[in-house]
Every structure is written in C-alpha cells, then in structure tokens.
file data33.pdb (PDB, C-alpha atoms)
ATOM      1  CA  MET A   1       0.000   0.000   0.000  1.00  0.00           C
ATOM      2  CA  LYS A   2       1.279   3.450  -0.902  1.00  0.00           C
ATOM      3  CA  TYR A   3       0.357   7.006   0.008  1.00  0.00           C
ATOM      4  CA  VAL A   4       0.791  10.117  -2.095  1.00  0.00           C
ATOM      5  CA  ASN A   5       0.349  12.984   0.357  1.00  0.00           C
ATOM      6  CA  THR A   6      -1.024  14.047   3.706  1.00  0.00           C
ATOM      7  CA  GLY A   7      -2.751  17.099   5.104  1.00  0.00           C
ATOM      8  CA  VAL A   8      -4.222  18.400   8.321  1.00  0.00           C
ATOM      9  CA  VAL A   9      -7.925  18.886   7.612  1.00  0.00           C
ATOM     10  CA  PHE A  10     -10.953  20.074   9.555  1.00  0.00           C
ATOM     11  CA  GLN A  11     -13.945  18.851   7.531  1.00  0.00           C
ATOM     12  CA  GLU A  12     -13.313  15.159   6.826  1.00  0.00           C
ATOM     13  CA  VAL A  13     -14.275  13.950  10.317  1.00  0.00           C
ATOM     14  CA  PRO A  14     -16.796  15.982  12.349  1.00  0.00           C
ATOM     15  CA  ASP A  15     -15.405  17.704  15.437  1.00  0.00           C
ATOM     16  CA  GLU A  16     -11.863  16.428  14.817  1.00  0.00           C
ATOM     17  CA  VAL A  17      -8.570  17.912  13.640  1.00  0.00           C
ATOM     18  CA  THR A  18      -7.514  15.169  11.276  1.00  0.00           C
ATOM     19  CA  LEU A  19      -4.312  14.085   9.612  1.00  0.00           C
ATOM     20  CA  SER A  20      -5.573  12.679   6.307  1.00  0.00           C
ATOM     21  CA  ILE A  21      -3.418  10.248   4.345  1.00  0.00           C
ATOM     22  CA  ASN A  22      -4.273   9.901   0.649  1.00  0.00           C
ATOM     23  CA  ILE A  23      -3.743   6.292  -0.408  1.00  0.00           C
ATOM     24  CA  SER A  24      -3.118   5.454  -4.067  1.00  0.00           C
ATOM     25  CA  ASN A  25      -4.119   2.517  -6.294  1.00  0.00           C
ATOM     26  CA  CYS A  26      -7.841   3.158  -5.828  1.00  0.00           C
ATOM     27  CA  PRO A  27      -9.868   0.465  -7.611  1.00  0.00           C
ATOM     28  CA  CYS A  28     -13.187   2.336  -7.368  1.00  0.00           C
ATOM     29  CA  HIS A  29     -12.653   4.796 -10.270  1.00  0.00           C
ATOM     30  CA  CYS A  30     -15.750   6.850  -9.468  1.00  0.00           C
ATOM     31  CA  ILE A  31     -17.004   8.987 -12.359  1.00  0.00           C
ATOM     32  CA  GLY A  32     -16.321  12.608 -11.407  1.00  0.00           C
ATOM     33  CA  CYS A  33     -13.677  11.686  -8.829  1.00  0.00           C
ATOM     34  CA  HIS A  34     -11.809  14.771  -7.571  1.00  0.00           C
ATOM     35  CA  SER A  35      -8.636  12.728  -7.017  1.00  0.00           C
ATOM     36  CA  GLU A  36      -8.151  10.687 -10.192  1.00  0.00           C
ATOM     37  CA  TYR A  37      -4.388  10.777  -9.639  1.00  0.00           C
ATOM     38  CA  LEU A  38      -4.986   8.330  -6.763  1.00  0.00           C
ATOM     39  CA  TRP A  39      -6.174   5.686  -9.248  1.00  0.00           C
ATOM     40  CA  GLU A  40      -2.526   5.032 -10.117  1.00  0.00           C
ATOM     41  CA  ASP A  41      -0.191   2.871  -8.037  1.00  0.00           C
ATOM     42  CA  ILE A  42       2.106   5.744  -7.045  1.00  0.00           C
ATOM     43  CA  GLY A  43       3.693   7.200  -3.948  1.00  0.00           C
ATOM     44  CA  GLU A  44       5.680   6.025  -0.954  1.00  0.00           C
ATOM     45  CA  PRO A  45       5.110   2.872   1.106  1.00  0.00           C
ATOM     46  CA  LEU A  46       2.598   3.298   3.912  1.00  0.00           C
ATOM     47  CA  ASN A  47       3.649   1.145   6.845  1.00  0.00           C
ATOM     48  CA  ALA A  48       4.125   1.378  10.599  1.00  0.00           C
ATOM     49  CA  MET A  49       7.462   3.179  10.196  1.00  0.00           C
ATOM     50  CA  SER A  50       6.114   5.875   7.874  1.00  0.00           C
ATOM     51  CA  LEU A  51       3.001   6.274  10.044  1.00  0.00           C
ATOM     52  CA  ASP A  52       5.115   6.656  13.150  1.00  0.00           C
ATOM     53  CA  MET A  53       7.158   9.409  11.490  1.00  0.00           C
ATOM     54  CA  MET A  54       3.970  11.262  10.482  1.00  0.00           C
ATOM     55  CA  LEU A  55       2.387  10.937  13.897  1.00  0.00           C
ATOM     56  CA  ARG A  56       5.521  12.076  15.693  1.00  0.00           C
ATOM     57  CA  GLU A  57       5.502  15.181  13.476  1.00  0.00           C
ATOM     58  CA  TYR A  58       1.777  15.983  13.720  1.00  0.00           C
ATOM     59  CA  GLY A  59       0.751  14.161  16.893  1.00  0.00           C
ATOM     60  CA  HIS A  60       0.366  17.233  19.102  1.00  0.00           C
ATOM     61  CA  ASP A  61      -1.717  19.083  16.510  1.00  0.00           C
ATOM     62  CA  ILE A  62      -4.298  16.423  15.623  1.00  0.00           C
ATOM     63  CA  THR A  63      -7.061  14.437  17.300  1.00  0.00           C
ATOM     64  CA  CYS A  64      -7.709  11.956  14.485  1.00  0.00           C
ATOM     65  CA  LEU A  65      -5.967  10.027  11.719  1.00  0.00           C
ATOM     66  CA  ALA A  66      -7.898   9.264   8.512  1.00  0.00           C
ATOM     67  CA  PHE A  67      -6.973   6.690   5.908  1.00  0.00           C
ATOM     68  CA  MET A  68      -8.359   8.168   2.684  1.00  0.00           C
ATOM     69  CA  GLY A  69      -8.753   5.128   0.452  1.00  0.00           C
ATOM     70  CA  GLY A  70      -7.064   1.786   0.612  1.00  0.00           C
ATOM     71  CA  ASP A  71      -9.940  -0.110  -0.985  1.00  0.00           C
ATOM     72  CA  ALA A  72      -7.464  -2.255  -2.934  1.00  0.00           C
ATOM     73  CA  THR A  73      -5.992  -3.562   0.342  1.00  0.00           C
ATOM     74  CA  PRO A  74      -8.470  -3.139   3.225  1.00  0.00           C
ATOM     75  CA  ALA A  75      -6.668  -5.751   5.337  1.00  0.00           C
ATOM     76  CA  GLU A  76      -3.568  -3.534   5.271  1.00  0.00           C
ATOM     77  CA  VAL A  77      -5.640  -0.507   6.289  1.00  0.00           C
ATOM     78  CA  ASP A  78      -7.053  -2.532   9.176  1.00  0.00           C
ATOM     79  CA  GLU A  79      -3.593  -3.712  10.230  1.00  0.00           C
ATOM     80  CA  LEU A  80      -2.247  -0.146  10.284  1.00  0.00           C
ATOM     81  CA  ALA A  81      -5.314   1.086  12.174  1.00  0.00           C
ATOM     82  CA  ALA A  82      -4.687  -1.604  14.805  1.00  0.00           C
ATOM     83  CA  TRP A  83      -1.065  -0.468  15.027  1.00  0.00           C
ATOM     84  CA  VAL A  84      -2.157   3.163  15.538  1.00  0.00           C
ATOM     85  CA  ARG A  85      -4.730   2.096  18.140  1.00  0.00           C
ATOM     86  CA  LYS A  86      -1.978   0.280  20.082  1.00  0.00           C
ATOM     87  CA  HIS A  87       0.758   2.920  19.821  1.00  0.00           C
ATOM     88  CA  TYR A  88      -1.313   6.139  19.761  1.00  0.00           C
ATOM     89  CA  PRO A  89      -4.417   5.280  21.828  1.00  0.00           C
ATOM     90  CA  GLU A  90      -5.334   8.941  22.275  1.00  0.00           C
ATOM     91  CA  LEU A  91      -6.039   9.352  18.537  1.00  0.00           C
ATOM     92  CA  LYS A  92      -9.328   8.655  16.852  1.00  0.00           C
ATOM     93  CA  ILE A  93      -9.047   6.633  13.628  1.00  0.00           C
ATOM     94  CA  ALA A  94     -11.159   7.004  10.486  1.00  0.00           C
ATOM     95  CA  TRP A  95     -11.362   5.216   7.156  1.00  0.00           C
ATOM     96  CA  TYR A  96     -12.831   6.681   3.978  1.00  0.00           C
ATOM     97  CA  SER A  97     -13.867   3.858   1.674  1.00  0.00           C
ATOM     98  CA  GLY A  98     -15.394   4.222  -1.769  1.00  0.00           C
ATOM     99  CA  ARG A  99     -17.118   0.856  -1.430  1.00  0.00           C
ATOM    100  CA  PRO A 100     -20.856   0.682  -0.655  1.00  0.00           C
ATOM    101  CA  MET A 101     -20.350  -1.996   2.018  1.00  0.00           C
ATOM    102  CA  LEU A 102     -17.767  -2.497   4.756  1.00  0.00           C
ATOM    103  CA  SER A 103     -15.023  -4.943   3.823  1.00  0.00           C
ATOM    104  CA  HIS A 104     -14.911  -8.184   5.824  1.00  0.00           C
ATOM    105  CA  SER A 105     -11.206  -7.383   6.383  1.00  0.00           C
ATOM    106  CA  ILE A 106     -12.093  -4.400   8.565  1.00  0.00           C
ATOM    107  CA  HIS A 107     -12.423  -4.890  12.324  1.00  0.00           C
ATOM    108  CA  LEU A 108     -14.506  -2.065  13.758  1.00  0.00           C
ATOM    109  CA  GLU A 109     -12.640  -2.077  17.077  1.00  0.00           C
ATOM    110  CA  ASN A 110      -9.746  -0.486  15.172  1.00  0.00           C
ATOM    111  CA  PHE A 111     -11.805   2.503  14.020  1.00  0.00           C
ATOM    112  CA  ASP A 112     -13.845   5.375  15.431  1.00  0.00           C
ATOM    113  CA  TYR A 113     -15.317   6.515  12.101  1.00  0.00           C
ATOM    114  CA  VAL A 114     -15.993   4.873   8.748  1.00  0.00           C
ATOM    115  CA  LYS A 115     -17.198   6.585   5.565  1.00  0.00           C
ATOM    116  CA  LEU A 116     -18.775   4.278   2.989  1.00  0.00           C
ATOM    117  CA  GLY A 117     -19.984   4.833  -0.544  1.00  0.00           C
ATOM    118  CA  PRO A 118     -18.659   5.742  -3.953  1.00  0.00           C
ATOM    119  CA  TYR A 119     -18.935   9.273  -5.234  1.00  0.00           C
ATOM    120  CA  VAL A 120     -22.008   9.529  -7.467  1.00  0.00           C
ATOM    121  CA  GLY A 121     -22.106  12.946  -9.101  1.00  0.00           C
ATOM    122  CA  THR A 122     -25.884  13.075  -9.484  1.00  0.00           C
ATOM    123  CA  MET A 123     -26.297  12.389  -5.757  1.00  0.00           C
ATOM    124  CA  GLY A 124     -23.586  14.757  -4.570  1.00  0.00           C
ATOM    125  CA  PRO A 125     -20.871  14.622  -1.901  1.00  0.00           C
ATOM    126  CA  LEU A 126     -21.265  14.110   1.843  1.00  0.00           C
ATOM    127  CA  ASN A 127     -22.312  17.706   2.475  1.00  0.00           C
ATOM    128  CA  VAL A 128     -25.644  17.462   0.602  1.00  0.00           C
ATOM    129  CA  LYS A 129     -28.767  15.661   1.782  1.00  0.00           C
ATOM    130  CA  THR A 130     -29.113  13.687  -1.463  1.00  0.00           C
ATOM    131  CA  THR A 131     -25.732  11.968  -1.090  1.00  0.00           C
ATOM    132  CA  ASN A 132     -25.469   8.196  -1.247  1.00  0.00           C
ATOM    133  CA  GLN A 133     -22.298   8.322   0.887  1.00  0.00           C
ATOM    134  CA  ARG A 134     -22.556   7.752   4.619  1.00  0.00           C
ATOM    135  CA  MET A 135     -20.312   8.638   7.540  1.00  0.00           C
ATOM    136  CA  TYR A 136     -20.628   6.395  10.575  1.00  0.00           C
ATOM    137  CA  LYS A 137     -19.383   6.688  14.120  1.00  0.00           C
ATOM    138  CA  VAL A 138     -18.387   3.335  15.582  1.00  0.00           C
ATOM    139  CA  GLN A 139     -20.255   2.775  18.839  1.00  0.00           C
ATOM    140  CA  LYS A 140     -18.880   0.970  21.910  1.00  0.00           C
ATOM    141  CA  ASP A 141     -20.909  -2.134  20.989  1.00  0.00           C
ATOM    142  CA  LEU A 142     -19.270  -2.014  17.513  1.00  0.00           C
ATOM    143  CA  THR A 143     -22.443  -0.952  15.738  1.00  0.00           C
ATOM    144  CA  LEU A 144     -22.405   1.933  13.286  1.00  0.00           C
ATOM    145  CA  LYS A 145     -24.322   5.152  13.955  1.00  0.00           C
ATOM    146  CA  ASP A 146     -25.032   7.218  10.835  1.00  0.00           C
ATOM    147  CA  ILE A 147     -23.729  10.772  11.450  1.00  0.00           C
ATOM    148  CA  THR A 148     -23.844  11.936   7.824  1.00  0.00           C
ATOM    149  CA  LYS A 149     -26.210  14.799   8.689  1.00  0.00           C
ATOM    150  CA  LYS A 150     -23.346  16.504  10.565  1.00  0.00           C
ATOM    151  CA  PHE A 151     -21.938  17.385   7.111  1.00  0.00           C
ATOM    152  CA  TRP A 152     -25.121  18.945   5.758  1.00  0.00           C
ATOM    153  CA  LYS A 153     -25.435  22.670   5.447  1.00  0.00           C
ATOM    154  CA  LYS A 154     -28.190  24.076   7.606  1.00  0.00           C
TER
END
call {"tool": "encode", "arguments": {"input": "data33.pdb", "output": "structure tokens"}}
result
Amino acid sequence: MKYVNTGVVFQEVPDEVTLSINISNCPCHCIGCHSEYLWEDIGEPLNAMSLDMMLREYGHDITCLAFMGGDATPAEVDELAAWVRKHYPELKIAWYSGRPMLSHSIHLENFDYVKLGPYVGTMGPLNVKTTNQRMYKVQKDLTLKDITKKFWKK
C-alpha cells in the first residue's frame, strides 16, 4: 500500500482535527472523482514506520488520523489502524472507503469513524442531503451510527 500525500484537515471527520493520508491505487474509479491521480499505483510505502514518522511530526496538533482510500488492500488498512490504536491510543481513527459496504477485512474495534460509498455525481458529496455516501461513528458495541447529517449545510 502506498500514500501520495497528507494534510491536516478540519472537515473530513466531524469535530476532529484530522491528519488525512491519501492512499493510491484506488480500484473504485468513481465517475467525477476529484482525485483521479490516486487511481494510479504511485507514492511512498505506507507502513508502521512511515506512520510513526507522520504521527511524531503531527501528533500534538491532531485528534484523528484518517486513511483516505485503501480499498485495494483493506486488510492492510485494518492492520495499520490496529497499530495506531496500540501505539497512539489517544487518537481517533477514520477510514474513507469508496465501497458501498464495509469490507470483511475491517475490524470495527480499530476505528472510530468509517465513511462508505462511492462518489455519485448526481447524488452529490457528503455535504448534501441527497448523497449516497454515509459517515458512521463506531459505537462501543461495535455498531455503526449514521452521522452523515453533521456534514449537511443548515
């Protein structure tokens, strides 16, 4: 699994200051995708060592880490989320997936938030009520609570 870039963002996960990591080799190829460059298998290896370097640099400035993509290798995303959970327990962990359903390789105890759904231009992004995408907060009993409405403009 490879990543292309990172950024500290404020809108990807509600109420969190998030370090987002853009993962390449996306198999979803959504029509109208704003990040088509992530369809290619490009970038640097994303592993525990590279994550540790990022989190040491940004750790005091963030409350959450978001894996943006990784649908080609969800088991690797899950493994890295488990590593973060063990070594940085104070951080929340999110995964943005373009798949409509949660991969069987994902263990919800490793995540605090999960976004599911491909981008469908006619339905709009997360911040409109007609979106097909959904953002979930993982509950203590490992059920998913739909919090998509937190993105909608009032």
call {"tool": "residues_near_point", "arguments": {"input": "data33.pdb", "point": "(-24.5, 1.5, 12.9)", "cutoff": "12 Å", "atoms": "all atoms listed in the file", "output": "VMD selection string"}}
result
chain A and resid 102 108 112 to 116 134 to 148
call {"tool": "residues_around", "arguments": {"input": "data33.pdb", "residues": "Cys26 in chain A", "least_positions_apart": "5", "cutoff": "12 Å", "atoms": "all atoms listed in the file", "output": "list in words"}}
result
Met1, Lys2, Tyr3, Val4, Cys33, Ser35, Glu36, Tyr37, Leu38, Trp39, Glu40, Asp41, Ile42, Met68, Gly69, Gly70, Asp71, Ala72, Thr73, Pro74, Tyr96, Ser97, Gly98, Arg99 and Pro118 of chain A
call {"tool": "residues_around", "arguments": {"input": "data33.pdb", "residues": "range 49-55 of chain A", "least_positions_apart": "5", "cutoff": "9 Å", "atoms": "only C-alpha atoms", "output": "list in words"}}
result
Thr6, Leu19, Glu44, His60, Ile62, Leu65, Leu80, Val84, His87 and Tyr88 of chain A
call {"tool": "write_last_selection", "arguments": {"input": "data33.pdb", "atoms": "C-alpha atoms", "output": "CSV table (one decimal), in the coordinates of the input"}}
result
chain,number,residue,atom,x,y,z
A,6,THR,CA,-1.0,14.0,3.7
A,19,LEU,CA,-4.3,14.1,9.6
A,44,GLU,CA,5.7,6.0,-1.0
A,60,HIS,CA,0.4,17.2,19.1
A,62,ILE,CA,-4.3,16.4,15.6
A,65,LEU,CA,-6.0,10.0,11.7
A,80,LEU,CA,-2.2,-0.1,10.3
A,84,VAL,CA,-2.2,3.2,15.5
A,87,HIS,CA,0.8,2.9,19.8
A,88,TYR,CA,-1.3,6.1,19.8
call {"tool": "residues_around", "arguments": {"input": "data33.pdb", "residues": "Val120 in chain A", "least_positions_apart": "5", "cutoff": "9 Å", "atoms": "all atoms listed in the file", "output": "PyMOL selection string"}}
result
chain A and resi 30-33+125+131-133
call {"tool": "closest_residue", "arguments": {"input": "data33.pdb", "among": "A:Val128, A:Glu57, A:Arg85, A:His107", "to": "Lys149 in chain A", "atoms": "all atoms listed in the file"}}
result
A:Val128
call {"tool": "residues_around", "arguments": {"input": "data33.pdb", "residues": "Asn5 in chain A", "least_positions_apart": "6", "cutoff": "9 Å", "atoms": "all atoms listed in the file", "output": "ChimeraX atom specification"}}
result
/A:20-23,43-44
call {"tool": "closest_residue", "arguments": {"input": "data33.pdb", "among": "A:Cys28, A:Ala48, A:Ile106, A:Leu126", "to": "Pro14 in chain A", "atoms": "all atoms listed in the file"}}
result
A:Leu126
call {"tool": "closest_residue", "arguments": {"input": "data33.pdb", "among": "A:Asn110, A:Asn47, A:Ser24, A:Thr122", "to": "Ala94 in chain A", "atoms": "all atoms listed in the file"}}
result
A:Asn110
call {"tool": "resolve_selection", "arguments": {"input": "data33.pdb", "expression": "the PyMOL selection byres ((chain A and resi 8) around 6)", "output": "list in words"}}
result
Gly7, Val9, Thr18 and Leu19 of chain A
call {"tool": "axis_aligned_box", "arguments": {"input": "data33.pdb", "around": "range 10-19 of chain A", "padding_each_side": "4 Å", "output": "lines of an AutoDock Vina configuration file"}}
result
center_x = -10.6
center_y = 17.0
center_z = 11.1
size_x = 20.5
size_y = 14.1
size_z = 16.6
